[in-house]
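Enquirer: Handing you this structure, nothing more for now.
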Amino acid sequence: MLPAPAKMDVSTHLDDPMRPKTPPPPDAVEHFDLVLEPGRNREWRELWRYRDLLYFFARRDALVRYKQTAIGVAWVVLRPLVTMAIFTFVFGRLAGFPSGGVPYPVFVFAALLPWQLFATGLQASSDSLVNNAQLVSKIYFPRIVAPISAVAAALIDFAVSLAMLIAIALLYGQPLSWRILTIPVPLAIVLAAALGLGLWFATLSARYRDFQHIVPFVIQVGLYASPIGYDALLVPERWRAWYALNPLVGVTDAFRWAFVGQGRPLDGPALATAAAVSLALLASGAAYFRRGERAVADVI
């Protein structure tokens, strides 16, 4: 007589990992489609989610700039002071350009303030993708974080220079007035211009490395094409509308009006032109950067 077959533990058999799983019936499977749509504000929402990374990049850029230098952060003070001294000697003493009764060092420094912010922000944002090539090619983050943080880091130098300008103005007996409260308007314009051009050159520099040599040349030419060491009123009136297409013209006039504007009217048309040109640069630069952003990681 054969022995009775042993009872099989059904629960153990079903939990056996070696036993092939029976697929569930088609009706039990939940199907879904993942659709990625760009959306109108997706870039800005994504930028907001990465705001901590933007802060980290800006902080890193500000620290690294003067970390391995001989005199460190003293460059923040020495660079505008030396530039002011040279411009005062060349344009004020040798060329004898008028300053409207304002001490020439204050006259020059008030114009150097927005120019230095523009030049520093443009240079840093133009090199931002190339300098972060290792990160751009390996991990994902909104690429626009790099140029924005580079421009934001330049605000630290601007804050130091602003304190120096106030001290120099008081030292020369130049009184300050309520007009200094209008500084945020030209400040926003110069930031838009620096970021707009920086987005253009950042994309181009990632594709063509010779643009890294073009940016310093543009900055050097722009220094003398902007009314830093001289007054914009020296430009013939028939050329002033075309001259105002340089956004630094209206911005420089607004900064001088804010600090040394006694008896000097604000050039409203030049400031409006500067705002329009800067917004156009920012919009076109953002569009060009977004269009070339996908290929940056492949070509950088």
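In the structure tokens, each chain is lettered A, B, ... as it comes, each chain's residues begin at 1, and ligands are numbered from 1 in order of appearance.
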Residues within 7 Å of A:Val151, please, as a VMD selection string. Count only C-alpha atoms; anything in the same chain fewer than 5 positions from it doesn't count.
Expert: chain A and resid 121 124 to 125 195
Enquirer: Write out as JSON lines the residues of stretch 199-258 of chain A that have any atom within 10 Å of an atom of stretch 270-292 of chain A, one row each with the nearest atom pair and its distance in Å to one decimal, counting only C-alpha atoms, sorted by chain and then rising number.
Expert:
{"residue": "A:Leu199", "atom": "CA", "partner": "A:Gly285", "partner_atom": "CA", "distance": 5.1}
{"residue": "A:Trp200", "atom": "CA", "partner": "A:Gly285", "partner_atom": "CA", "distance": 5.0}
{"residue": "A:Phe201", "atom": "CA", "partner": "A:Gly285", "partner_atom": "CA", "distance": 8.7}
{"residue": "A:Ala202", "atom": "CA", "partner": "A:Phe289", "partner_atom": "CA", "distance": 7.9}
{"residue": "A:Thr203", "atom": "CA", "partner": "A:Phe289", "partner_atom": "CA", "distance": 5.9}
{"residue": "A:Leu204", "atom": "CA", "partner": "A:Gly292", "partner_atom": "CA", "distance": 9.0}
{"residue": "A:Ala206", "atom": "CA", "partner": "A:Gly292", "partner_atom": "CA", "distance": 9.6}
{"residue": "A:Arg207", "atom": "CA", "partner": "A:Gly292", "partner_atom": "CA", "distance": 9.3}
{"residue": "A:Arg240", "atom": "CA", "partner": "A:Ala270", "partner_atom": "CA", "distance": 8.5}
{"residue": "A:Ala241", "atom": "CA", "partner": "A:Ala270", "partner_atom": "CA", "distance": 7.6}
{"residue": "A:Trp242", "atom": "CA", "partner": "A:Ala270", "partner_atom": "CA", "distance": 9.8}
{"residue": "A:Tyr243", "atom": "CA", "partner": "A:Ala270", "partner_atom": "CA", "distance": 8.9}
{"residue": "A:Ala244", "atom": "CA", "partner": "A:Ala270", "partner_atom": "CA", "distance": 5.4}
{"residue": "A:Leu245", "atom": "CA", "partner": "A:Thr273", "partner_atom": "CA", "distance": 6.4}
{"residue": "A:Asn246", "atom": "CA", "partner": "A:Ala274", "partner_atom": "CA", "distance": 6.9}
{"residue": "A:Pro247", "atom": "CA", "partner": "A:Ala274", "partner_atom": "CA", "distance": 4.0}
{"residue": "A:Leu248", "atom": "CA", "partner": "A:Ala274", "partner_atom": "CA", "distance": 7.0}
{"residue": "A:Val249", "atom": "CA", "partner": "A:Ala270", "partner_atom": "CA", "distance": 6.9}
{"residue": "A:Gly250", "atom": "CA", "partner": "A:Leu271", "partner_atom": "CA", "distance": 4.2}
{"residue": "A:Val251", "atom": "CA", "partner": "A:Leu271", "partner_atom": "CA", "distance": 6.2}
{"residue": "A:Thr252", "atom": "CA", "partner": "A:Leu271", "partner_atom": "CA", "distance": 9.0}
{"residue": "A:Asp253", "atom": "CA", "partner": "A:Leu271", "partner_atom": "CA", "distance": 7.9}
{"residue": "A:Ala254", "atom": "CA", "partner": "A:Leu271", "partner_atom": "CA", "distance": 7.1}
Enquirer: Write out as a VMD selection string each polymer residue whose atoms come within 10 Å of A:Val106, counting only C-alpha atoms; drop sequence neighbours fewer than 5 positions from it.
Expert: chain A and resid 84 88 99 111 to 112 165 to 172 174 256 259 to 260
Enquirer: Contacts between stretch 44-53 of chain A and stretch 95-158 of chain A, please, where a residue of stretch 95-158 of chain A counts if it comes within 12 Å (with only C-alpha atoms); show its shortest atom pair and distance in Å to one decimal, rows by chain and ascending number, as CSV.
Expert:
residue,atom,partner,partner_atom,distance
A:Tyr140,CA,A:Tyr50,CA,11.0
A:Phe141,CA,A:Tyr50,CA,7.7
A:Pro142,CA,A:Leu47,CA,6.6
A:Arg143,CA,A:Leu47,CA,9.4
A:Ile144,CA,A:Leu47,CA,8.1
A:Val145,CA,A:Leu47,CA,7.1
A:Ala146,CA,A:Leu53,CA,9.2
A:Ile148,CA,A:Leu47,CA,10.2
A:Ser149,CA,A:Leu53,CA,8.9
Enquirer: Let's see if you can do this: from backbone DSSP, list all alpha helix (DSSP H) residues in stretch 102-273 of chain A, as a JSON list (two decimals) with C-alpha atoms, in the first residue's frame.
Expert:
[["chain", "number", "residue", "atom", "x", "y", "z"],
["A", 104, "TYR", "CA", 36.19, 114.97, -10.48],
["A", 105, "PRO", "CA", 36.89, 111.88, -8.33],
["A", 106, "VAL", "CA", 33.23, 111.80, -7.24],
["A", 107, "PHE", "CA", 32.13, 112.50, -10.81],
["A", 108, "VAL", "CA", 34.15, 109.52, -12.11],
["A", 109, "PHE", "CA", 33.38, 107.12, -9.27],
["A", 110, "ALA", "CA", 29.62, 107.64, -9.66],
["A", 111, "ALA", "CA", 29.96, 106.42, -13.25],
["A", 112, "LEU", "CA", 32.39, 103.61, -12.39],
["A", 113, "LEU", "CA", 29.86, 102.08, -10.02],
["A", 114, "PRO", "CA", 27.39, 100.77, -12.66],
["A", 115, "TRP", "CA", 30.13, 100.15, -15.22],
["A", 116, "GLN", "CA", 32.12, 97.89, -12.91],
["A", 117, "LEU", "CA", 28.98, 95.92, -12.06],
["A", 118, "PHE", "CA", 28.20, 95.52, -15.77],
["A", 119, "ALA", "CA", 31.74, 94.50, -16.74],
["A", 120, "THR", "CA", 32.15, 92.03, -13.86],
["A", 121, "GLY", "CA", 28.72, 90.48, -14.40],
["A", 122, "LEU", "CA", 29.19, 90.20, -18.17],
["A", 123, "GLN", "CA", 32.62, 88.58, -17.91],
["A", 124, "ALA", "CA", 31.57, 86.12, -15.19],
["A", 125, "SER", "CA", 28.28, 85.12, -16.82],
["A", 126, "SER", "CA", 29.94, 84.67, -20.23],
["A", 128, "SER", "CA", 29.89, 80.50, -16.44],
["A", 129, "LEU", "CA", 29.12, 77.45, -18.60],
["A", 130, "VAL", "CA", 32.75, 76.81, -19.55],
["A", 131, "ASN", "CA", 33.90, 77.19, -15.95],
["A", 133, "ALA", "CA", 31.84, 72.26, -17.70],
["A", 134, "GLN", "CA", 32.37, 69.28, -15.37],
["A", 135, "LEU", "CA", 28.98, 69.81, -13.74],
["A", 136, "VAL", "CA", 27.15, 70.69, -16.95],
["A", 145, "VAL", "CA", 21.45, 79.01, -12.91],
["A", 146, "ALA", "CA", 25.15, 79.39, -13.79],
["A", 147, "PRO", "CA", 25.01, 82.80, -15.55],
["A", 148, "ILE", "CA", 22.42, 84.19, -13.12],
["A", 149, "SER", "CA", 24.53, 83.26, -10.10],
["A", 150, "ALA", "CA", 27.61, 84.79, -11.75],
["A", 151, "VAL", "CA", 25.84, 88.14, -12.15],
["A", 152, "ALA", "CA", 24.47, 87.90, -8.60],
["A", 153, "ALA", "CA", 27.98, 87.38, -7.21],
["A", 154, "ALA", "CA", 29.04, 90.69, -8.77],
["A", 155, "LEU", "CA", 26.59, 92.49, -6.47],
["A", 156, "ILE", "CA", 29.01, 91.95, -3.58],
["A", 157, "ASP", "CA", 31.66, 94.10, -5.27],
["A", 158, "PHE", "CA", 28.94, 96.62, -6.10],
["A", 159, "ALA", "CA", 27.91, 96.91, -2.45],
["A", 160, "VAL", "CA", 31.50, 97.56, -1.38],
["A", 161, "SER", "CA", 31.98, 100.16, -4.13],
["A", 162, "LEU", "CA", 28.70, 101.84, -3.20],
["A", 163, "ALA", "CA", 29.90, 102.27, 0.39],
["A", 164, "MET", "CA", 33.19, 103.67, -0.95],
["A", 165, "LEU", "CA", 31.36, 106.16, -3.18],
["A", 166, "ILE", "CA", 29.30, 107.45, -0.27],
["A", 167, "ALA", "CA", 32.46, 107.85, 1.80],
["A", 168, "ILE", "CA", 34.31, 109.66, -1.02],
["A", 169, "ALA", "CA", 31.36, 111.97, -1.65],
["A", 170, "LEU", "CA", 31.20, 112.93, 2.02],
["A", 171, "LEU", "CA", 34.98, 113.35, 2.10],
["A", 184, "PRO", "CA", 17.43, 100.51, -7.68],
["A", 185, "VAL", "CA", 15.97, 101.64, -11.03],
["A", 186, "PRO", "CA", 19.27, 102.01, -12.96],
["A", 187, "LEU", "CA", 20.66, 99.09, -10.96],
["A", 188, "ALA", "CA", 17.95, 96.79, -12.33],
["A", 189, "ILE", "CA", 18.62, 98.06, -15.85],
["A", 190, "VAL", "CA", 22.36, 97.40, -15.70],
["A", 191, "LEU", "CA", 21.75, 93.90, -14.25],
["A", 192, "ALA", "CA", 19.37, 93.11, -17.11],
["A", 193, "ALA", "CA", 21.92, 94.32, -19.68],
["A", 194, "ALA", "CA", 24.77, 92.32, -18.12],
["A", 195, "LEU", "CA", 22.70, 89.14, -17.86],
["A", 196, "GLY", "CA", 21.21, 89.52, -21.33],
["A", 197, "LEU", "CA", 24.59, 89.88, -23.03],
["A", 198, "GLY", "CA", 26.03, 87.24, -20.71],
["A", 199, "LEU", "CA", 23.43, 84.70, -21.84],
["A", 200, "TRP", "CA", 24.33, 85.36, -25.47],
["A", 201, "PHE", "CA", 28.07, 85.01, -24.89],
["A", 202, "ALA", "CA", 27.72, 82.05, -22.50],
["A", 203, "THR", "CA", 25.96, 80.03, -25.20],
["A", 204, "LEU", "CA", 28.37, 81.13, -27.90],
["A", 205, "SER", "CA", 31.45, 80.50, -25.72],
["A", 206, "ALA", "CA", 30.27, 76.94, -25.03],
["A", 207, "ARG", "CA", 30.13, 76.30, -28.78],
["A", 211, "PHE", "CA", 34.28, 84.06, -27.90],
["A", 212, "GLN", "CA", 36.09, 83.90, -24.56],
["A", 213, "HIS", "CA", 38.64, 86.28, -26.11],
["A", 214, "ILE", "CA", 36.00, 88.51, -27.66],
["A", 215, "VAL", "CA", 34.27, 89.38, -24.38],
["A", 216, "PRO", "CA", 37.31, 91.14, -22.79],
["A", 217, "PHE", "CA", 37.73, 93.12, -26.01],
["A", 218, "VAL", "CA", 34.06, 94.16, -25.93],
["A", 219, "ILE", "CA", 34.43, 95.26, -22.30],
["A", 220, "GLN", "CA", 37.58, 97.25, -23.07],
["A", 221, "VAL", "CA", 35.95, 99.06, -25.98],
["A", 222, "GLY", "CA", 32.78, 99.66, -23.99],
["A", 223, "LEU", "CA", 34.74, 101.37, -21.22],
["A", 224, "TYR", "CA", 35.69, 104.23, -23.55],
["A", 225, "ALA", "CA", 32.42, 104.14, -25.49],
["A", 240, "ARG", "CA", 22.90, 111.56, -28.62],
["A", 241, "ALA", "CA", 19.88, 109.47, -29.62],
["A", 242, "TRP", "CA", 22.17, 106.92, -31.30],
["A", 243, "TYR", "CA", 24.68, 107.17, -28.46],
["A", 247, "PRO", "CA", 22.48, 101.17, -22.19],
["A", 248, "LEU", "CA", 25.36, 102.34, -19.99],
["A", 249, "VAL", "CA", 24.76, 105.92, -21.18],
["A", 250, "GLY", "CA", 21.35, 106.29, -19.55],
["A", 251, "VAL", "CA", 22.39, 104.21, -16.52],
["A", 252, "THR", "CA", 25.54, 106.28, -15.93],
["A", 253, "ASP", "CA", 23.59, 109.53, -16.20],
["A", 254, "ALA", "CA", 21.04, 108.20, -13.67],
["A", 255, "PHE", "CA", 23.75, 107.24, -11.18],
["A", 256, "ARG", "CA", 25.43, 110.65, -11.49],
["A", 257, "TRP", "CA", 22.07, 112.35, -11.08],
["A", 258, "ALA", "CA", 21.46, 110.32, -7.92],
["A", 259, "PHE", "CA", 24.77, 111.32, -6.32],
["A", 260, "VAL", "CA", 25.84, 114.65, -7.83],
["A", 268, "GLY", "CA", 14.73, 110.57, -19.00],
["A", 269, "PRO", "CA", 14.79, 109.61, -22.71],
["A", 270, "ALA", "CA", 18.29, 108.11, -22.34],
["A", 271, "LEU", "CA", 17.20, 106.11, -19.29],
["A", 272, "ALA", "CA", 14.07, 104.88, -21.09],
["A", 273, "THR", "CA", 16.20, 103.85, -24.08]]
Enquirer: Quick one, how far is atom CA of A:Asp61 from atom CA of A:Gly229?
Expert: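 Distance between the two atoms: 29.4 Å.
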Enquirer: As an exercise, work out the distance from atom CA of A:Leu234 to atom CA of A:Pro98 in Å and give it to one decimal place.
Expert: 9.1 Å
Enquirer: Any idea what the distance is between atom CA of A:Gly101 and atom CA of A:Arg79?
Expert: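 That distance, rounded to one decimal, is 25.5 Å.
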